Every structure is written in C-alpha cells, then in structure tokens.
file upload10.tsv (TSV, C-alpha atoms and all ligand atoms)
chain	number	residue	atom	x	y	z
A	1	MET	CA	3.08	19.06	-6.52
A	2	THR	CA	4.24	15.95	-8.34
A	3	HIS	CA	1.74	13.39	-9.47
A	4	PHE	CA	2.11	10.03	-7.70
A	5	SER	CA	3.06	7.62	-10.48
A	6	VAL	CA	5.44	4.86	-11.51
A	7	ASP	CA	7.83	7.60	-12.66
A	8	SER	CA	7.65	9.67	-9.48
A	9	VAL	CA	8.23	6.60	-7.30
A	10	THR	CA	11.06	5.48	-9.59
A	11	GLU	CA	12.65	8.88	-9.09
A	12	SER	CA	12.31	8.67	-5.28
A	13	LEU	CA	13.94	5.23	-5.28
A	14	ARG	CA	16.75	6.43	-7.57
A	15	GLN	CA	17.48	9.22	-5.14
A	16	GLU	CA	17.95	6.53	-2.48
A	17	GLY	CA	20.57	4.94	-4.69
A	18	LEU	CA	18.41	2.07	-5.93
A	19	ARG	CA	19.12	1.04	-9.50
A	20	ILE	CA	15.83	0.65	-11.33
A	21	THR	CA	16.15	-2.59	-13.25
A	22	LYS	CA	13.46	-4.00	-15.51
A	23	ASN	CA	12.37	-6.31	-12.69
A	24	ARG	CA	12.10	-3.47	-10.20
A	25	ARG	CA	10.10	-1.37	-12.64
A	26	GLY	CA	7.84	-4.41	-13.14
A	27	ILE	CA	7.24	-4.52	-9.38
A	28	LEU	CA	6.24	-0.85	-9.41
A	29	GLU	CA	3.91	-1.31	-12.37
A	30	CYS	CA	2.33	-4.27	-10.62
A	31	LEU	CA	1.75	-2.20	-7.47
A	32	PHE	CA	0.16	0.61	-9.47
A	33	ALA	CA	-2.12	-1.84	-11.29
A	34	ALA	CA	-3.17	-3.58	-8.04
A	35	LYS	CA	-6.79	-3.22	-7.03
A	36	GLU	CA	-6.23	-4.54	-3.52
A	37	PRO	CA	-3.33	-4.81	-1.07
A	38	MET	CA	-0.90	-7.56	-2.07
A	39	SER	CA	1.39	-9.96	-0.23
A	40	LEU	CA	5.05	-10.17	-1.22
A	41	GLN	CA	4.32	-13.51	-2.85
A	42	GLU	CA	1.49	-12.01	-4.90
A	43	ILE	CA	3.68	-9.08	-5.92
A	44	GLN	CA	6.39	-11.50	-7.04
A	45	ASP	CA	3.93	-13.55	-9.11
A	46	SER	CA	2.17	-10.56	-10.60
A	47	ALA	CA	5.36	-8.62	-11.46
A	48	LEU	CA	6.09	-11.32	-14.04
A	49	LYS	CA	3.24	-9.98	-16.18
A	50	PHE	CA	4.81	-6.55	-16.25
A	51	SER	CA	8.53	-7.21	-16.60
A	52	GLY	CA	8.44	-10.52	-18.47
A	53	THR	CA	10.66	-12.21	-15.90
A	54	LYS	CA	9.82	-13.15	-12.35
A	55	PRO	CA	11.85	-11.17	-9.80
A	56	ASP	CA	13.56	-13.00	-6.92
A	57	TYR	CA	11.59	-13.05	-3.71
A	58	ALA	CA	14.55	-11.28	-2.07
A	59	THR	CA	14.37	-8.49	-4.65
A	60	VAL	CA	10.68	-7.95	-3.93
A	61	PHE	CA	11.27	-8.14	-0.19
A	62	ARG	CA	14.11	-5.60	-0.16
A	63	MET	CA	12.37	-3.21	-2.49
A	64	ILE	CA	9.10	-3.22	-0.53
A	65	LEU	CA	11.02	-2.76	2.73
A	66	LEU	CA	12.83	0.25	1.29
A	67	MET	CA	9.55	1.65	-0.04
A	68	GLU	CA	7.96	1.17	3.36
A	69	LYS	CA	10.83	3.06	4.97
A	70	LEU	CA	10.26	5.90	2.49
A	71	HIS	CA	6.48	5.83	3.13
A	72	LEU	CA	5.78	4.90	-0.48
A	73	VAL	CA	3.92	1.75	0.55
A	74	HIS	CA	2.30	0.72	3.81
A	75	LYS	CA	1.10	-2.50	5.37
A	76	VAL	CA	-2.62	-3.05	5.59
A	77	ASN	CA	-3.87	-5.05	8.54
A	78	LEU	CA	-6.05	-7.74	6.99
A	79	GLN	CA	-5.79	-10.06	10.01
A	80	ARG	CA	-4.10	-12.68	7.86
A	81	PRO	CA	-0.83	-14.44	8.61
A	82	CYS	CA	1.36	-12.65	6.06
A	83	SER	CA	1.75	-8.94	5.43
A	84	TYR	CA	-0.15	-7.12	2.71
A	85	TYR	CA	1.07	-3.90	1.15
A	86	GLU	CA	-0.42	-1.10	-0.90
A	87	LEU	CA	0.99	2.07	-2.40
A	88	ARG	CA	0.75	5.17	-0.32
A	89	ASP	CA	0.04	8.33	-2.26
A	90	PRO	CA	0.82	11.13	0.24
A	91	HIS	CA	-2.21	13.09	-0.99
A	92	LYS	CA	-4.64	10.25	-0.46
A	93	HIS	CA	-6.16	8.72	2.62
A	94	TYR	CA	-6.33	5.01	3.30
A	95	ASP	CA	-9.10	3.40	5.34
A	96	HIS	CA	-10.54	0.02	4.32
A	97	LEU	CA	-13.54	-2.27	4.44
A	98	ILE	CA	-12.50	-5.91	4.54
A	99	CYS	CA	-14.72	-8.94	3.97
A	100	LYS	CA	-13.96	-11.65	6.52
A	101	LYS	CA	-15.28	-14.37	4.20
A	102	CYS	CA	-13.72	-13.73	0.78
A	103	ALA	CA	-11.01	-11.26	1.88
A	104	HIS	CA	-12.23	-8.62	-0.59
A	105	VAL	CA	-10.75	-5.23	0.34
A	106	VAL	CA	-12.42	-1.92	-0.47
A	107	LEU	CA	-10.64	1.39	-0.12
A	108	ILE	CA	-13.12	3.79	1.46
A	109	ASP	CA	-13.60	6.91	-0.63
A	110	ILE	CA	-15.78	8.99	1.67
A	111	PRO	CA	-14.06	11.65	3.79
A	112	CYS	CA	-12.25	10.04	6.70
A	113	PRO	CA	-14.80	9.13	9.40
A	114	ILE	CA	-12.47	10.16	12.19
A	115	GLY	CA	-10.62	13.14	10.70
A	116	ASP	CA	-11.97	15.49	13.37
A	117	THR	CA	-11.26	13.02	16.13
A	118	GLU	CA	-7.65	12.80	15.01
A	119	GLN	CA	-7.26	16.55	15.41
A	120	LYS	CA	-8.91	16.45	18.83
A	121	LEU	CA	-6.61	13.64	19.95
A	122	ALA	CA	-3.55	15.51	18.74
A	123	LYS	CA	-4.61	18.57	20.68
A	124	LYS	CA	-5.61	16.76	23.86
A	125	TYR	CA	-2.51	14.57	24.09
A	126	GLY	CA	-0.03	17.01	22.59
A	127	PHE	CA	0.82	14.77	19.63
A	128	SER	CA	1.71	16.13	16.25
A	129	ASP	CA	1.90	14.55	12.81
A	130	LEU	CA	-0.75	11.92	13.62
A	131	SER	CA	-1.74	9.36	11.04
A	132	HIS	CA	-3.92	6.27	11.11
A	133	SER	CA	-5.49	3.67	8.95
A	134	LEU	CA	-8.83	2.16	9.83
A	135	GLU	CA	-9.88	-1.35	8.92
A	136	PHE	CA	-13.55	-2.25	9.16
A	137	PHE	CA	-14.18	-6.01	9.07
A	138	GLY	CA	-17.47	-7.45	7.90
A	139	THR	CA	-19.26	-9.47	5.24
A	140	CYS	CA	-19.45	-8.08	1.69
A	141	SER	CA	-22.59	-8.06	-0.45
A	142	GLN	CA	-21.31	-11.04	-2.51
A	143	CYS	CA	-20.91	-13.18	0.61
A	144	VAL	CA	-24.16	-12.45	2.46
A	201	ZN	ZN	-16.95	-11.29	0.64
A	202	ZN	ZN	-9.16	7.71	8.19
call {"tool": "encode", "arguments": {"input": "upload10.tsv", "output": "structure tokens"}}
result
Amino acid sequence: MTHFSVDSVTESLRQEGLRITKNRRGILECLFAAKEPMSLQEIQDSALKFSGTKPDYATVFRMILLMEKLHLVHKVNLQRPCSYYELRDPHKHYDHLICKKCAHVVLIDIPCPIGDTEQKLAKKYGFSDLSHSLEFFGTCSQCV
C-alpha cells in the first residue's frame, strides 16, 4: 500500500504522461499543505509560495481536471459560486462541516455517520461501488 504523498501523486500523473514541471510540483505541494478545500484561483495564488513562480490559470485548471479524472482530487460542495477542490486519499473518508458565515470547513474525523446506510442502500437498490460525501452546513463556534 503506497502512502498518499506529493511523490505518489507525482508518480500517478507521470504515468498519465504529464510532465512534472516545477510549477506543477508547486501545485501539488500547495494542495498537500492546504487545510481546507481551495478554489482554482486560490491554488494558483498559493502555488507561488511553493514553486517560486505563479503557474498560469490554465495550467492549474488542466492539472486539477486531470487529477479529478484520476480521483486524486474531488470537488467539495460549499454552496459557493466557484468550485472548491481537495485531495482525495483513497484510504481516507471525506465528510465536512461548513460554516455558513465564515466559510470555515472542517473535515469530520469520526467514523462516517452513514457508513451502514450506504451498505444498506447498495444492497436494496443493487448498486455497487457506492461513494458519497456529506456536507453539514451550520454556524461555527467562532461565529455564534
Ligand atoms: Zn464561522
Ligand atoms: Zn461519509
């Protein structure tokens, strides 16, 4: 079992024929350092800190799209106009709490609240390979 890291993702992208430039590695490092899901614009701005040069928006866009196709990142529904992405470690589970006031996002680290339900649904409706991500919207303790 390979550890999910900048290097393992780099390797997956290389296998897809993507050349890993300094900018692209900067984008990966930025994603791994992220504490919350990021928009493409935020990824572009933040990648500068890691690679020393700001990648083109198109570079970020194409790379994230490819990573989404490979299930290395996924979109998180924050109910905001643009799309937000986070890394997707295949051995982790992603459900979120989202503050409606300050947009703070917390990754839930208790066992999935609907894990059993998912299995029941799969059985009842004859689906296999189910996945989900739950977003709970509310007000965080800082915003009460
Ligand atoms: Zn808040
Ligand atoms: Zn879940």
call {"tool": "closest_atom_pairs", "arguments": {"input": "upload10.tsv", "of": "chain A", "to": "ligand ZN 201 (chain A)", "cutoff": "12 Å", "atoms": "all atoms listed in the file", "output": "Markdown table"}}
result
| residue | atom | partner | partner_atom | distance |
| --- | --- | --- | --- | --- |
| A:Leu97 | CA | A:ZN201 | ZN | 10.4 |
| A:Ile98 | CA | A:ZN201 | ZN | 8.0 |
| A:Cys99 | CA | A:ZN201 | ZN | 4.6 |
| A:Lys100 | CA | A:ZN201 | ZN | 6.6 |
| A:Lys101 | CA | A:ZN201 | ZN | 5.0 |
| A:Cys102 | CA | A:ZN201 | ZN | 4.1 |
| A:Ala103 | CA | A:ZN201 | ZN | 6.1 |
| A:His104 | CA | A:ZN201 | ZN | 5.6 |
| A:Val105 | CA | A:ZN201 | ZN | 8.7 |
| A:Val106 | CA | A:ZN201 | ZN | 10.5 |
| A:Phe137 | CA | A:ZN201 | ZN | 10.3 |
| A:Gly138 | CA | A:ZN201 | ZN | 8.2 |
| A:Thr139 | CA | A:ZN201 | ZN | 5.5 |
| A:Cys140 | CA | A:ZN201 | ZN | 4.2 |
| A:Ser141 | CA | A:ZN201 | ZN | 6.6 |
| A:Gln142 | CA | A:ZN201 | ZN | 5.4 |
| A:Cys143 | CA | A:ZN201 | ZN | 4.4 |
| A:Val144 | CA | A:ZN201 | ZN | 7.5 |
call {"tool": "residues_near_ligand", "arguments": {"input": "upload10.tsv", "ligand": "ligand ZN 202 (chain A)", "cutoff": "9 Å", "atoms": "only C-alpha atoms and all ligand atoms", "output": "VMD selection string"}}
result
chain A and resid 93 to 96 108 111 to 115 118 131 to 134
call {"tool": "closest_atom_pairs", "arguments": {"input": "upload10.tsv", "of": "region 75-125 of chain A", "to": "region 25-30 of chain A", "cutoff": "12 Å", "atoms": "all atoms listed in the file", "output": "tab-separated table"}}
result
residue	atom	partner	partner_atom	distance
A:Tyr85	CA	A:Cys30	CA	11.8
A:Glu86	CA	A:Cys30	CA	10.6
A:Leu87	CA	A:Leu28	CA	9.2
call {"tool": "atom_distance", "arguments": {"input": "upload10.tsv", "atom1": "CA of Glu16 (chain A)", "atom2": "CA of Val73 (chain A)"}}
result
15.1 Å
call {"tool": "atom_distance", "arguments": {"input": "upload10.tsv", "atom1": "CA of Leu70 (chain A)", "atom2": "CA of Leu13 (chain A)"}}
result
8.6 Å
call {"tool": "closest_residue", "arguments": {"input": "upload10.tsv", "among": "A:Leu107, A:Leu48, A:Leu130, A:Val6", "to": "Val76 (chain A)", "atoms": "only C-alpha atoms"}}
result
A:Leu107
call {"tool": "axis_aligned_box", "arguments": {"input": "upload10.tsv", "around": "region 99-113 of chain A", "padding_each_side": "8 Å", "output": "JSON"}}
result
{"center_x": -13.2, "center_y": -1.4, "center_z": 4.4, "size_x": 21.1, "size_y": 42.0, "size_z": 26.0}
call {"tool": "atom_distance", "arguments": {"input": "upload10.tsv", "atom1": "CA of His3 (chain A)", "atom2": "CA of Pro90 (chain A)"}}
result
10.0 Å
call {"tool": "residues_around", "arguments": {"input": "upload10.tsv", "residues": "Gln15 (chain A)", "least_positions_apart": "6", "cutoff": "12 Å", "atoms": "all atoms listed in the file", "output": "short mmCIF file (atom, residue, chain, number, x, y, z; two decimals) with C-alpha atoms, in the coordinates of the input"}}
result
data_model
loop_
_atom_site.label_atom_id
_atom_site.label_comp_id
_atom_site.auth_asym_id
_atom_site.auth_seq_id
_atom_site.Cartn_x
_atom_site.Cartn_y
_atom_site.Cartn_z
CA SER A 8 7.65 9.67 -9.48
CA VAL A 9 8.23 6.60 -7.30
CA LEU A 66 12.83 0.25 1.29
CA LEU A 70 10.26 5.90 2.49
#
call {"tool": "closest_residue", "arguments": {"input": "upload10.tsv", "among": "A:Ala122, A:Ser51, A:Asp129, A:Met67", "to": "Thr21 (chain A)", "atoms": "only C-alpha atoms"}}
result
A:Ser51
call {"tool": "closest_residue", "arguments": {"input": "upload10.tsv", "among": "A:Lys69, A:Lys75, A:Lys124, A:Lys22", "to": "Lys49 (chain A)", "atoms": "all atoms listed in the file"}}
result
A:Lys22
call {"tool": "closest_residue", "arguments": {"input": "upload10.tsv", "among": "A:Leu40, A:Cys82, A:Ala33, A:Ala47", "to": "Ile64 (chain A)", "atoms": "all atoms listed in the file"}}
result
A:Leu40
call {"tool": "closest_residue", "arguments": {"input": "upload10.tsv", "among": "A:Ser46, A:Phe136, A:Lys35, A:Ser12", "to": "His71 (chain A)", "atoms": "all atoms listed in the file"}}
result
A:Ser12
call {"tool": "closest_residue", "arguments": {"input": "upload10.tsv", "among": "A:Leu31, A:Ala58, A:Leu18, A:Ile110", "to": "His74 (chain A)", "atoms": "all atoms listed in the file"}}
result
A:Leu31
call {"tool": "build_atoms", "arguments": {"input": "upload10.tsv", "residues": "region 82-110 of chain A", "atoms": "N, CA and C atoms", "output": "short mmCIF file (atom, residue, chain, number, x, y, z; two decimals), keeping the file's coordinate frame"}}
result
data_model
loop_
_atom_site.label_atom_id
_atom_site.label_comp_id
_atom_site.auth_asym_id
_atom_site.auth_seq_id
_atom_site.Cartn_x
_atom_site.Cartn_y
_atom_site.Cartn_z
N CYS A 82 0.24 -13.39 6.65
CA CYS A 82 1.36 -12.65 6.06
C CYS A 82 0.98 -11.19 5.88
N SER A 83 1.97 -10.38 5.55
CA SER A 83 1.75 -8.94 5.43
C SER A 83 1.27 -8.57 4.03
N TYR A 84 0.37 -7.62 3.98
CA TYR A 84 -0.15 -7.12 2.71
C TYR A 84 0.21 -5.64 2.59
N TYR A 85 0.60 -5.26 1.37
CA TYR A 85 1.07 -3.90 1.15
C TYR A 85 0.25 -3.20 0.07
N GLU A 86 0.13 -1.89 0.20
CA GLU A 86 -0.42 -1.10 -0.90
C GLU A 86 0.39 0.19 -1.00
N LEU A 87 0.31 0.80 -2.17
CA LEU A 87 0.99 2.07 -2.40
C LEU A 87 0.40 3.14 -1.51
N ARG A 88 1.21 4.12 -1.19
CA ARG A 88 0.75 5.17 -0.32
C ARG A 88 1.00 6.52 -0.99
N ASP A 89 -0.01 7.00 -1.67
CA ASP A 89 0.04 8.33 -2.26
C ASP A 89 -0.10 9.34 -1.12
N PRO A 90 0.89 10.22 -0.91
CA PRO A 90 0.82 11.13 0.24
C PRO A 90 -0.40 12.05 0.23
N HIS A 91 -1.04 12.22 -0.94
CA HIS A 91 -2.21 13.09 -0.99
C HIS A 91 -3.51 12.34 -0.87
N LYS A 92 -3.42 11.03 -0.62
CA LYS A 92 -4.64 10.25 -0.46
C LYS A 92 -4.74 9.72 0.95
N HIS A 93 -5.92 9.24 1.29
CA HIS A 93 -6.16 8.72 2.62
C HIS A 93 -6.58 7.26 2.52
N TYR A 94 -6.12 6.44 3.45
CA TYR A 94 -6.33 5.01 3.30
C TYR A 94 -7.04 4.39 4.50
N ASP A 95 -8.35 4.21 4.40
CA ASP A 95 -9.10 3.40 5.34
C ASP A 95 -9.81 2.32 4.51
N HIS A 96 -10.06 1.16 5.11
CA HIS A 96 -10.54 0.02 4.32
C HIS A 96 -11.75 -0.66 4.93
N LEU A 97 -12.54 -1.28 4.05
CA LEU A 97 -13.54 -2.27 4.44
C LEU A 97 -13.01 -3.63 4.00
N ILE A 98 -13.07 -4.60 4.87
CA ILE A 98 -12.50 -5.91 4.54
C ILE A 98 -13.52 -7.01 4.81
N CYS A 99 -13.78 -7.83 3.79
CA CYS A 99 -14.72 -8.94 3.97
C CYS A 99 -14.00 -10.10 4.66
N LYS A 100 -14.59 -10.57 5.75
CA LYS A 100 -13.96 -11.65 6.52
C LYS A 100 -14.10 -12.99 5.79
N LYS A 101 -15.06 -13.07 4.87
CA LYS A 101 -15.28 -14.37 4.20
C LYS A 101 -14.41 -14.53 2.96
N CYS A 102 -14.47 -13.55 2.04
CA CYS A 102 -13.72 -13.73 0.78
C CYS A 102 -12.46 -12.87 0.74
N ALA A 103 -12.22 -12.08 1.78
CA ALA A 103 -11.01 -11.26 1.88
C ALA A 103 -10.98 -10.09 0.89
N HIS A 104 -12.13 -9.79 0.29
CA HIS A 104 -12.23 -8.62 -0.59
C HIS A 104 -11.94 -7.35 0.22
N VAL A 105 -11.13 -6.46 -0.35
CA VAL A 105 -10.75 -5.23 0.34
C VAL A 105 -11.24 -4.03 -0.46
N VAL A 106 -11.94 -3.13 0.18
CA VAL A 106 -12.42 -1.92 -0.47
C VAL A 106 -11.76 -0.72 0.19
N LEU A 107 -11.18 0.15 -0.63
CA LEU A 107 -10.64 1.39 -0.12
C LEU A 107 -11.80 2.38 0.02
N ILE A 108 -11.98 2.90 1.21
CA ILE A 108 -13.12 3.79 1.46
C ILE A 108 -12.86 5.14 0.80
N ASP A 109 -13.84 5.63 0.02
CA ASP A 109 -13.60 6.91 -0.63
C ASP A 109 -14.57 8.01 -0.17
N ILE A 110 -15.07 7.87 1.05
CA ILE A 110 -15.78 8.99 1.67
C ILE A 110 -14.76 9.72 2.54
#
